[in-house]
>>> print(open('start.txt').read())   # compact mmCIF, C-alpha atoms and all ligand atoms
# COMPACT_ATOMS: atom_id res chain seq x y z
CA MET A 58 108.85 78.87 104.06
CA GLU A 59 107.85 82.53 104.14
CA THR A 60 106.94 84.55 107.23
CA LEU A 61 104.08 86.75 106.19
CA LEU A 62 103.11 90.03 107.87
CA VAL A 63 100.28 92.38 106.90
CA LEU A 64 100.91 95.95 108.01
CA ALA A 65 97.91 98.21 108.59
CA PHE A 66 97.50 101.76 109.81
CA VAL A 67 94.49 102.13 112.07
CA GLU A 68 92.02 104.90 111.16
CA SER A 69 91.40 107.80 113.55
CA ASP A 70 88.25 106.07 114.87
CA GLY A 71 90.29 102.96 115.72
CA SER A 72 88.93 100.80 112.88
CA LEU A 73 90.54 99.29 109.81
CA ALA A 74 89.59 100.79 106.45
CA PRO A 75 88.24 98.53 103.66
CA SER A 76 91.62 98.70 101.87
CA ALA A 77 93.35 97.34 105.00
CA LEU A 78 90.78 94.53 105.31
CA ALA A 79 91.35 93.73 101.64
CA SER A 80 95.09 93.34 102.29
CA VAL A 81 94.28 90.94 105.14
CA HIS A 82 92.07 88.97 102.76
CA THR A 83 94.92 88.80 100.23
CA ALA A 84 97.40 87.72 102.92
CA ARG A 85 95.11 84.95 104.06
CA ALA A 86 94.78 83.57 100.53
CA LEU A 87 98.55 83.86 99.99
CA ASP A 88 99.28 82.14 103.29
CA GLN A 89 97.11 79.19 102.27
CA ALA A 90 98.63 79.04 98.79
CA LEU A 91 102.13 78.97 100.31
CA GLY A 92 101.09 76.20 102.72
CA ASN A 93 102.22 78.33 105.66
CA PRO A 94 101.08 77.69 109.24
CA GLY A 95 99.59 81.19 109.56
CA TYR A 96 100.25 84.86 108.92
CA ALA A 97 100.76 87.81 111.23
CA VAL A 98 99.26 91.25 111.30
CA GLY A 99 101.03 94.41 112.48
CA LEU A 100 98.86 97.36 113.53
CA ILE A 101 99.96 100.95 113.95
CA GLY A 102 97.75 103.51 115.67
CA GLU A 103 96.76 105.19 118.87
CA ARG A 104 94.49 102.31 119.91
CA VAL A 105 93.97 98.97 118.20
CA GLU A 106 91.11 97.26 120.10
CA THR A 107 88.48 97.90 117.44
CA ALA A 108 90.82 96.84 114.67
CA LEU A 109 91.62 93.61 116.52
CA SER A 110 87.93 92.84 116.91
CA GLN A 111 87.49 93.33 113.16
CA LEU A 112 90.20 90.72 112.61
CA ALA A 113 88.76 88.02 114.86
CA GLY A 114 87.85 85.15 112.54
CA SER A 115 90.25 86.26 109.82
CA GLY A 116 92.73 83.46 110.44
CA VAL A 117 95.47 85.74 111.78
CA ALA A 118 97.93 83.62 113.79
CA ARG A 119 99.78 86.44 115.54
CA ALA A 120 98.94 90.09 116.04
CA PHE A 121 101.57 92.71 116.79
CA ALA A 122 100.92 96.38 117.44
CA VAL A 123 102.70 99.66 117.99
CA THR A 124 100.32 101.89 119.92
CA GLY A 125 100.23 105.29 121.54
CA GLU A 126 99.11 108.78 120.66
CA GLU A 127 102.39 109.50 118.86
CA PHE A 128 101.34 106.90 116.28
CA ALA A 129 97.96 108.45 115.52
CA GLN A 130 99.52 111.00 113.19
CA PRO A 131 100.44 110.03 109.62
CA ARG A 132 104.03 111.19 110.16
CA TYR A 133 106.92 109.66 108.24
CA ALA A 134 109.36 109.40 111.15
CA THR A 135 107.04 107.60 113.60
CA ASP A 136 105.22 105.57 110.93
CA SER A 137 108.47 104.24 109.49
CA ALA A 138 109.94 103.47 112.92
CA ALA A 139 106.77 101.56 113.85
CA ALA A 140 106.61 99.63 110.58
CA GLU A 141 110.28 98.67 110.81
CA ALA A 142 109.88 97.50 114.42
CA LEU A 143 106.85 95.40 113.53
CA ALA A 144 108.57 93.76 110.56
CA ARG A 145 111.58 92.91 112.75
CA ALA A 146 109.41 91.61 115.62
CA ALA A 147 107.51 89.32 113.25
CA GLY A 148 110.72 88.24 111.48
CA ALA A 149 108.81 88.92 108.27
CA THR A 150 110.14 87.80 104.91
CA LEU A 151 107.04 89.11 103.15
CA VAL A 152 105.35 92.35 104.19
CA LEU A 153 101.98 93.20 102.62
CA ALA A 154 100.12 96.50 102.97
CA ALA A 155 97.36 98.37 101.19
CA GLY A 156 98.86 100.96 98.84
CA THR A 157 97.27 103.93 100.58
CA LEU A 158 98.91 107.37 100.55
CA ARG A 159 100.16 106.83 104.08
CA ALA A 160 101.69 103.41 103.44
CA SER A 161 103.08 104.35 100.02
CA ARG A 162 104.97 107.25 101.54
CA VAL A 163 106.58 105.18 104.25
CA LEU A 164 107.09 101.54 103.25
CA PRO A 165 109.66 101.89 100.46
CA GLY A 166 111.95 103.55 103.02
CA VAL A 167 111.18 100.81 105.52
CA GLY A 168 112.03 98.16 102.91
CA HIS A 169 115.40 99.85 102.46
CA ARG A 170 116.07 99.96 106.22
CA LEU A 171 115.33 96.24 106.38
CA SER A 172 117.80 95.65 103.51
CA GLY A 173 114.90 94.31 101.52
CA ARG A 174 113.07 95.33 98.35
CA THR A 175 109.75 97.10 97.85
CA ASP A 176 107.31 96.83 94.96
CA THR A 177 104.29 99.09 94.56
CA HIS A 178 100.94 98.99 92.69
CA ILE A 179 100.69 95.20 92.96
CA THR A 180 97.40 93.99 91.48
CA ALA A 181 97.68 90.22 92.01
CA LEU A 182 99.79 87.58 93.76
CA SER A 183 100.22 83.98 92.66
CA VAL A 184 102.12 80.97 93.90
CA ASP A 185 103.64 78.35 91.65
CA GLY A 186 105.77 75.55 93.06
CA GLY A 187 105.99 77.39 96.38
CA ASN A 188 107.35 80.53 94.68
CA LEU A 189 105.51 83.83 94.95
CA SER A 190 105.16 86.00 91.88
CA VAL A 191 103.48 89.38 91.71
CA THR A 192 101.62 91.22 88.98
CA ARG A 193 101.62 94.92 88.20
CA TRP A 194 100.99 97.16 85.22
CA PHE A 195 103.63 99.23 83.48
CA TYR A 196 103.62 102.00 80.90
CA ARG A 197 100.22 103.48 81.77
CA GLN A 198 98.49 100.12 82.14
CA ARG A 199 99.49 98.91 78.69
CA ILE A 200 101.94 96.20 79.74
CA GLU A 201 101.23 93.68 82.46
CA GLY A 202 104.33 92.34 84.21
CA ILE A 203 104.58 89.21 86.34
CA TYR A 204 107.79 88.73 88.28
CA LEU A 205 109.41 87.27 91.38
CA ARG A 206 112.31 88.26 93.60
CA GLU A 207 114.82 86.37 95.69
CA GLN A 208 115.62 89.28 97.99
CA ARG A 209 113.94 89.23 101.40
CA PRO A 210 112.22 90.90 103.12
CA TRP A 211 109.97 91.75 100.19
CA VAL A 212 107.57 94.61 100.86
CA LEU A 213 104.48 94.66 98.65
CA LEU A 214 102.06 97.57 98.37
CA LEU A 215 98.75 96.24 97.07
CA GLU A 216 96.67 98.38 94.74
CA PRO A 217 93.37 99.12 96.51
CA GLY A 218 90.26 97.70 94.85
CA CYS A 219 91.85 94.52 93.50
CA SER A 220 90.44 92.15 96.10
CA PRO A 221 87.35 92.15 98.33
CA ALA A 222 87.56 93.73 101.77
CA SER A 223 86.93 90.42 103.53
CA THR A 224 85.12 87.15 103.17
CA TYR A 225 84.71 86.52 106.90
CA GLU A 226 82.20 88.05 109.25
CA VAL A 227 83.68 90.92 111.20
CA GLY A 228 84.21 89.75 114.77
CA ASP A 229 83.28 86.17 113.85
CA GLY A 230 85.91 84.28 115.81
CA PRO A 231 87.85 84.15 119.04
CA ALA A 232 89.36 87.40 120.31
CA LEU A 233 92.92 87.98 119.15
CA GLY A 234 95.71 88.46 121.65
CA VAL A 235 98.17 91.18 120.76
CA GLU A 236 101.92 91.48 121.28
CA ILE A 237 102.79 95.13 121.88
CA VAL A 238 106.06 96.16 120.24
CA SER A 239 107.73 99.11 121.85
CA VAL A 240 109.33 101.88 119.81
CA SER A 241 111.36 104.59 121.46
CA VAL A 242 109.82 107.87 120.32
CA THR A 243 112.56 110.44 120.63
CA ALA A 244 111.99 114.19 120.26
CA GLU A 245 113.71 113.96 116.88
CA LEU A 246 111.06 111.54 115.61
CA GLN A 247 108.37 114.04 116.56
CA ARG A 248 109.78 117.16 114.92
CA THR A 249 106.99 117.04 112.35
CA GLN A 250 103.53 117.68 113.74
CA VAL A 251 100.34 117.08 111.77
CA THR A 252 98.28 120.04 112.91
CA GLY A 253 95.04 119.27 111.12
CA ARG A 254 93.41 118.05 107.96
CA GLN A 255 92.00 120.13 105.18
CA THR A 256 89.53 118.35 102.97
CA PRO A 257 87.26 119.90 100.38
CA PRO A 258 83.53 119.84 101.13
CA ALA A 259 81.96 116.49 100.20
CA ASP A 260 80.47 117.89 96.97
CA GLN A 261 83.86 119.14 95.75
CA GLN A 262 85.64 115.93 96.63
CA THR A 263 84.44 114.18 93.50
CA ILE A 264 87.12 111.49 93.07
CA ARG A 265 86.17 108.66 95.42
CA PRO A 266 88.21 105.50 94.81
CA ASP A 267 86.09 103.50 97.28
CA ALA A 268 82.78 104.31 95.57
CA GLU A 269 80.70 101.47 94.12
CA LEU A 270 79.88 103.51 91.03
CA LEU A 271 81.92 105.59 88.59
CA PHE A 272 79.82 108.30 86.93
CA VAL A 273 81.45 109.66 83.79
CA ALA A 274 80.51 112.96 82.18
CA GLY A 275 81.35 113.52 78.52
CA ALA A 276 81.55 116.59 76.32
CA GLY A 277 77.91 116.22 75.25
CA TRP A 278 76.86 117.92 78.49
CA THR A 279 78.29 121.20 77.17
CA LYS A 280 77.16 120.83 73.52
CA LYS A 281 74.15 122.58 71.98
CA GLN A 282 71.06 120.57 72.79
CA SER A 283 67.88 119.99 70.74
CA ASP A 284 66.53 123.38 71.84
CA GLY A 285 69.63 125.04 70.32
CA GLN A 286 70.89 126.04 73.75
CA VAL A 287 74.02 125.12 75.70
CA ARG A 288 72.84 124.07 79.16
CA ALA A 289 76.09 123.78 81.08
CA GLY A 290 74.65 125.24 84.29
CA GLU A 291 71.82 122.74 84.27
CA ALA A 292 74.30 119.95 83.47
CA GLU A 293 76.44 120.85 86.46
CA ARG A 294 73.41 120.93 88.76
CA LEU A 295 72.23 117.50 87.55
CA ILE A 296 75.68 115.93 87.90
CA LEU A 297 76.41 117.36 91.36
CA ASP A 298 72.93 116.45 92.56
CA PHE A 299 73.48 112.87 91.40
CA LEU A 300 76.91 112.69 93.04
CA HIS A 301 75.55 114.13 96.24
CA GLN A 302 72.79 111.53 96.42
CA SER A 303 74.64 108.49 95.09
CA ARG A 304 78.14 109.16 96.51
CA ALA A 305 79.50 108.01 93.14
CA SER A 306 82.98 108.95 91.96
CA LEU A 307 83.15 111.46 89.09
CA GLY A 308 85.12 110.73 85.94
CA SER A 309 85.26 112.65 82.70
CA SER A 310 86.27 112.32 79.07
CA LYS A 311 89.29 114.22 77.83
CA SER A 312 87.19 116.45 75.61
CA LEU A 313 85.16 117.75 78.49
CA VAL A 314 88.08 118.51 80.81
CA ASP A 315 89.94 120.13 77.90
CA VAL A 316 87.10 122.57 77.19
CA SER A 317 86.85 123.27 80.90
CA GLY A 318 90.54 124.21 80.86
CA GLU A 319 90.05 126.41 77.79
CA GLY A 320 87.47 128.52 79.56
CA GLN A 321 84.50 127.54 77.36
CA ALA A 322 81.11 126.51 78.68
CA VAL A 323 82.39 124.53 81.61
CA LEU A 324 81.59 122.21 84.40
CA SER A 325 83.56 123.76 87.22
CA CYS A 326 83.50 120.50 89.19
CA LEU A 327 85.91 118.88 86.71
CA THR A 328 89.69 118.99 86.38
CA HIS A 329 92.16 116.85 84.46
CA LEU A 330 92.39 114.64 87.54
CA ASN A 331 88.89 113.41 86.66
CA GLN A 332 89.94 112.31 83.17
CA VAL A 333 89.51 108.60 82.52
CA GLY A 334 91.28 106.93 79.61
CA GLN A 335 94.51 106.28 77.80
CA THR A 336 96.08 109.54 78.96
CA GLY A 337 93.90 109.72 82.07
CA SER A 338 93.28 107.33 84.91
CA THR A 339 92.16 103.71 85.00
CA PRO A 340 89.89 103.64 88.05
CA ARG A 341 88.48 100.50 89.68
CA HIS A 342 84.81 100.47 90.56
CA ALA A 343 82.20 97.73 90.47
CA LYS A 344 79.94 99.71 88.12
CA GLY A 345 80.20 102.58 85.68
CA LEU A 346 77.66 104.91 84.09
CA SER A 347 78.80 106.98 81.13
CA THR A 348 76.74 110.01 80.13
CA CYS A 349 77.05 112.26 77.06
CA CYS A 350 80.33 110.57 76.19
CA HIS A 351 80.92 108.87 72.85
CA GLY A 352 82.89 105.88 74.15
CA GLU A 353 85.88 106.15 71.83
CA GLU A 354 88.70 103.67 72.33
CA PRO A 355 91.22 106.10 73.97
CA HIS A 356 88.53 106.85 76.56
CA ALA A 357 87.00 103.37 76.94
CA VAL A 358 90.44 101.78 77.51
CA GLY A 359 90.37 103.51 80.92
CA TRP A 360 87.29 101.46 81.77
CA ARG A 361 89.09 98.13 81.66
CA PHE A 362 88.62 97.46 85.38
CA ILE A 363 84.97 98.57 85.53
CA ARG A 364 83.01 95.37 85.79
CA GLU A 365 79.46 96.46 84.81
CA ARG A 366 79.20 99.27 82.25
CA ARG A 367 76.19 101.31 81.22
CA ALA A 368 75.96 104.39 79.03
CA ILE A 369 73.43 107.05 78.09
CA ASN A 370 73.84 108.57 74.64
CA LEU A 371 71.54 110.13 72.04
CA ASP A 372 73.46 108.30 69.34
CA ALA A 373 72.58 104.63 68.86
CA ASN A 374 75.81 104.23 66.88
CA CYS A 375 78.13 105.60 69.54
CA GLY A 376 81.18 103.64 70.66
CA TRP A 377 79.38 102.13 73.65
CA ALA A 378 77.01 100.33 71.27
CA ARG A 379 79.99 98.53 69.76
CA GLY A 380 80.65 96.08 72.54
CA LYS A 381 82.03 98.59 75.04
CA ALA A 382 78.99 98.74 77.35
CA ASP A 383 76.71 96.07 78.80
CA VAL A 384 73.68 98.34 78.49
CA LEU A 385 73.24 101.45 76.32
CA TYR A 386 70.28 103.73 76.94
CA VAL A 387 69.62 105.68 73.75
CA ALA A 388 68.18 108.72 75.45
CA ASP A 389 68.69 112.32 76.46
CA ALA A 390 70.97 112.29 79.50
CA PHE A 391 69.45 115.55 80.79
CA ALA A 392 66.01 113.93 80.96
CA VAL A 393 67.31 110.62 82.34
CA MET A 394 69.40 112.15 85.10
CA GLU A 395 66.59 114.52 86.11
CA LYS A 396 64.37 111.47 86.57
CA VAL A 397 67.09 109.43 88.33
CA ASN A 398 67.74 112.27 90.78
CA ALA A 399 64.03 112.58 91.54
CA LEU A 400 63.85 108.82 92.21
CA LEU A 401 66.91 109.00 94.46
CA GLU A 402 65.42 111.90 96.37
CA ASN A 403 62.22 109.97 97.02
CA ARG A 404 63.81 106.65 97.90
CA THR A 405 62.89 105.29 101.27
CA CYS A 406 66.14 103.48 102.06
C1 LIG B 1 96.58 109.74 72.02
C2 LIG B 1 95.19 110.04 72.49
C3 LIG B 1 94.91 109.89 73.83
C4 LIG B 1 93.61 110.16 74.31
N1 LIG B 1 93.35 109.98 75.64
C5 LIG B 1 92.08 110.14 76.08
C6 LIG B 1 91.75 109.91 77.44
O1 LIG B 1 92.60 109.59 78.27
N2 LIG B 1 90.45 110.09 77.83
C7 LIG B 1 89.47 110.48 76.95
O2 LIG B 1 88.32 110.62 77.36
N3 LIG B 1 89.78 110.73 75.67
C8 LIG B 1 91.06 110.58 75.22
N4 LIG B 1 91.34 110.86 73.92
C9 LIG B 1 90.29 111.53 73.12
C10 LIG B 1 89.22 110.57 72.63
O3 LIG B 1 89.65 109.96 71.45
C11 LIG B 1 87.91 111.33 72.37
O4 LIG B 1 88.18 112.45 71.56
C12 LIG B 1 87.20 111.84 73.62
O5 LIG B 1 87.11 110.79 74.56
C13 LIG B 1 85.80 112.34 73.24
O6 LIG B 1 85.14 112.80 74.37
P1 LIG B 1 83.55 112.75 74.48
O7 LIG B 1 83.08 111.39 74.13
O8 LIG B 1 83.19 113.31 75.80
O9 LIG B 1 83.08 113.83 73.40
P2 LIG B 1 82.38 113.69 72.00
O10 LIG B 1 83.13 112.78 71.10
O11 LIG B 1 82.16 115.08 71.55
O12 LIG B 1 80.99 112.97 72.32
C14 LIG B 1 79.93 113.63 72.94
C15 LIG B 1 78.78 112.65 72.98
O13 LIG B 1 77.72 113.22 73.73
C16 LIG B 1 76.51 112.76 73.16
N5 LIG B 1 75.45 113.65 73.61
C17 LIG B 1 75.28 114.96 73.36
N6 LIG B 1 74.19 115.44 74.00
C18 LIG B 1 73.66 114.40 74.67
C19 LIG B 1 72.52 114.24 75.51
N7 LIG B 1 71.69 115.26 75.78
N8 LIG B 1 72.26 113.02 76.04
C20 LIG B 1 73.06 111.96 75.75
N9 LIG B 1 74.15 112.05 74.96
C21 LIG B 1 74.44 113.25 74.42
C22 LIG B 1 76.77 112.77 71.66
O14 LIG B 1 75.88 111.88 71.00
C23 LIG B 1 78.21 112.31 71.60
O15 LIG B 1 78.29 110.90 71.43
C24 LIG B 1 92.62 110.61 73.42
C25 LIG B 1 92.92 110.75 72.06
C26 LIG B 1 94.18 110.49 71.61
C27 LIG B 1 94.45 110.66 70.15
>>> encode(input="start.txt", output="structure tokens")
Amino acid sequence: METLLVLAFVESDGSLAPSALASVHTARALDQALGNPGYAVGLIGERVETALSQLAGSGVARAFAVTGEEFAQPRYATDSAAAEALARAAGATLVLAAGTLRASRVLPGVGHRLSGRTDTHITALSVDGGNLSVTRWFYRQRIEGIYLREQRPWVLLLEPGCSPASTYEVGDGPALGVEIVSVSVTAELQRTQVTGRQTPPADQQTIRPDAELLFVAGAGWTKKQSDGQVRAGEAERLILDFLHQSRASLGSSKSLVDVSGEGQAVLSCLTHLNQVGQTGSTPRHAKGLSTCCHGEEPHAVGWRFIRERRAINLDANCGWARGKADVLYVADAFAVMEKVNALLENRTC
């Protein structure tokens, strides 16, 4: 019998982010697969009322919380003290949490304090004969490993985007009672102060893991076009306009970010962080649209978790046409995106 706890950090507006709701969804499925009587949730934040109302109807058996303004800040000392106290209060043998930056920074240390083990980037959980095994990728997503551990507590950081945020209606169920766990917040725990947040303007923040759509720009955007001209400025305007209107995440091929780095005709909105592929990232989005990108294997391998793929390319024999995309539009991406942006601008909803 396992005692299962989902840990979640409450957002500054008091709610739970989609990644936290997804970890609750995973815990619920795991709890049922293990044949357990119910799982617990542990919330950390200044206030937890809104988060608790989001969890009504989620099948949570017990809710614990560490609250207070000291716990609003994403600060290692207070976050780790709160997470440790919650795990001890729940008597957890399994601790699940979304692998956000905040949780990833803190929970491996918490696992150590609990004399347990921590595993990160978990993409799936399965139960066989009452034994839990976990799945994660190794060696830049080339090797998939499935393993189990005897050591408890076992802290698992779940890769965001691998399960749906929830399958229950938010607030659809009886109100949850909460057991407040007290943590002594000494001056030493508060030596670090988070004094503010600096985030780039929305149009510069182009990597959006929660976006429904991945928009990928390839090197074709900076190549000579049929009029003999390089139209990089126009390309950048079209891409940023589309991102602004669609809130899609921006990916790139290696060729395009390489020329940007070499100071040639560039798209200044791109860096190597945008690169998708074998030596780039492997993002998870429901849909992907590739533009001016050939769809070669070292690039397309980064699309393995994109469920619906479309591409726009002038070349009907490009890589996307060879089974790598669901739909290929053989067309000029400049013309298509101009039209798409105009349609988005005129949409009524
Ligand atoms: C070990 C190794 C690792 C690699 N890792 C990666 C990786 O992580 N990510 C990655 O992306 N690549 C990677 N590559 C490189 C990869 O093989 C390709 O070279 C690269 O992806 C090509 O980028 P591209 O498709 O943008 O450019 P190109 O191959 O130059 O293709 C440009 C495309 O744009 C189209 N085009 C031009 N104008 C238009 C227009 N107006 N409308 C529509 N289409 C147009 C052209 O038809 C062409 O198909 C790796 C290679 C190696 C050897």
>>> residues_around(input="start.txt", residues="A:Gly275", least_positions_apart="3", cutoff="12 Å", atoms="only C-alpha atoms", output="PyMOL selection string")
chain A and resi 272+278-280+289+292-293+296+307-317+323-324+327+331-334+346-353+356-357+368-370+390
>>> closest_residue(input="start.txt", among="A:Gln111, A:Thr263, A:Ser72, A:Glu59", to="A:Glu207", atoms="all atoms listed in the file")
A:Glu59
>>> residues_near_point(input="start.txt", point="(112.2, 97.3, 101.2)", cutoff="9 Å", atoms="all atoms listed in the file", output="count of residues only")
19
>>> atom_distance(input="start.txt", atom1="atom CA of A:Asp267", atom2="atom CA of A:Ala74")
10.2 Å
>>> atom_distance(input="start.txt", atom1="atom CA of A:Leu215", atom2="atom CA of A:Tyr133")
19.3 Å
>>> residues_near_point(input="start.txt", point="(101.5, 105.1, 81.3)", cutoff="10 Å", atoms="all atoms listed in the file", output="list in words")
Trp194, Phe195, Tyr196, Arg197, Gln198, Arg199, Ile200, Gln335, Thr336, Gly337 and Ser338 of chain A
>>> atom_distance(input="start.txt", atom1="atom CA of A:Val81", atom2="atom CA of A:Val63")
6.4 Å
>>> residues_around(input="start.txt", residues="A:Ala122", least_positions_apart="3", cutoff="9 Å", atoms="only C-alpha atoms", output="number ranges by chain")
A: 98-102, 105, 139, 143, 235-239
>>> closest_residue(input="start.txt", among="A:Ala113, A:Ala399, A:Leu62, A:Ala129", to="A:Thr252", atoms="all atoms listed in the file")
A:Ala129
>>> closest_residue(input="start.txt", among="A:Leu233, A:Val358, A:Ala274, A:Leu61", to="A:Ala147", atoms="only C-alpha atoms")
A:Leu61
>>> closest_residue(input="start.txt", among="A:Ser190, A:Gln250, A:Ser303, A:Ser325", to="A:Asn398", atoms="only C-alpha atoms")
A:Ser303
>>> residues_around(input="start.txt", residues="stretch 87-90 of chain A", least_positions_apart="5", cutoff="7 Å", atoms="all atoms listed in the file", output="ChimeraX atom specification")
/A:95-96,184
>>> residues_around(input="start.txt", residues="A:Arg162", least_positions_apart="4", cutoff="10 Å", atoms="all atoms listed in the file", output="list of chain:residue names")
A:Pro131, A:Arg132, A:Tyr133, A:Asp136, A:Ser137, A:Gly156, A:Thr157, A:Leu158, A:Gly166, A:Val167
>>> closest_residue(input="start.txt", among="A:Thr150, A:Ser283, A:Gln261, A:Gln302", to="A:Met58", atoms="only C-alpha atoms")
A:Thr150
>>> residues_around(input="start.txt", residues="A:Leu73", least_positions_apart="3", cutoff="12 Å", atoms="only C-alpha atoms", output="PyMOL selection string")
chain A and resi 64-70+76-81+98-102+104-112+155+222-223+227
>>> closest_residue(input="start.txt", among="A:Glu245, A:Glu402, A:Glu395, A:Asp372", to="ligand LIG 1 (chain B)", atoms="all atoms listed in the file")
A:Asp372
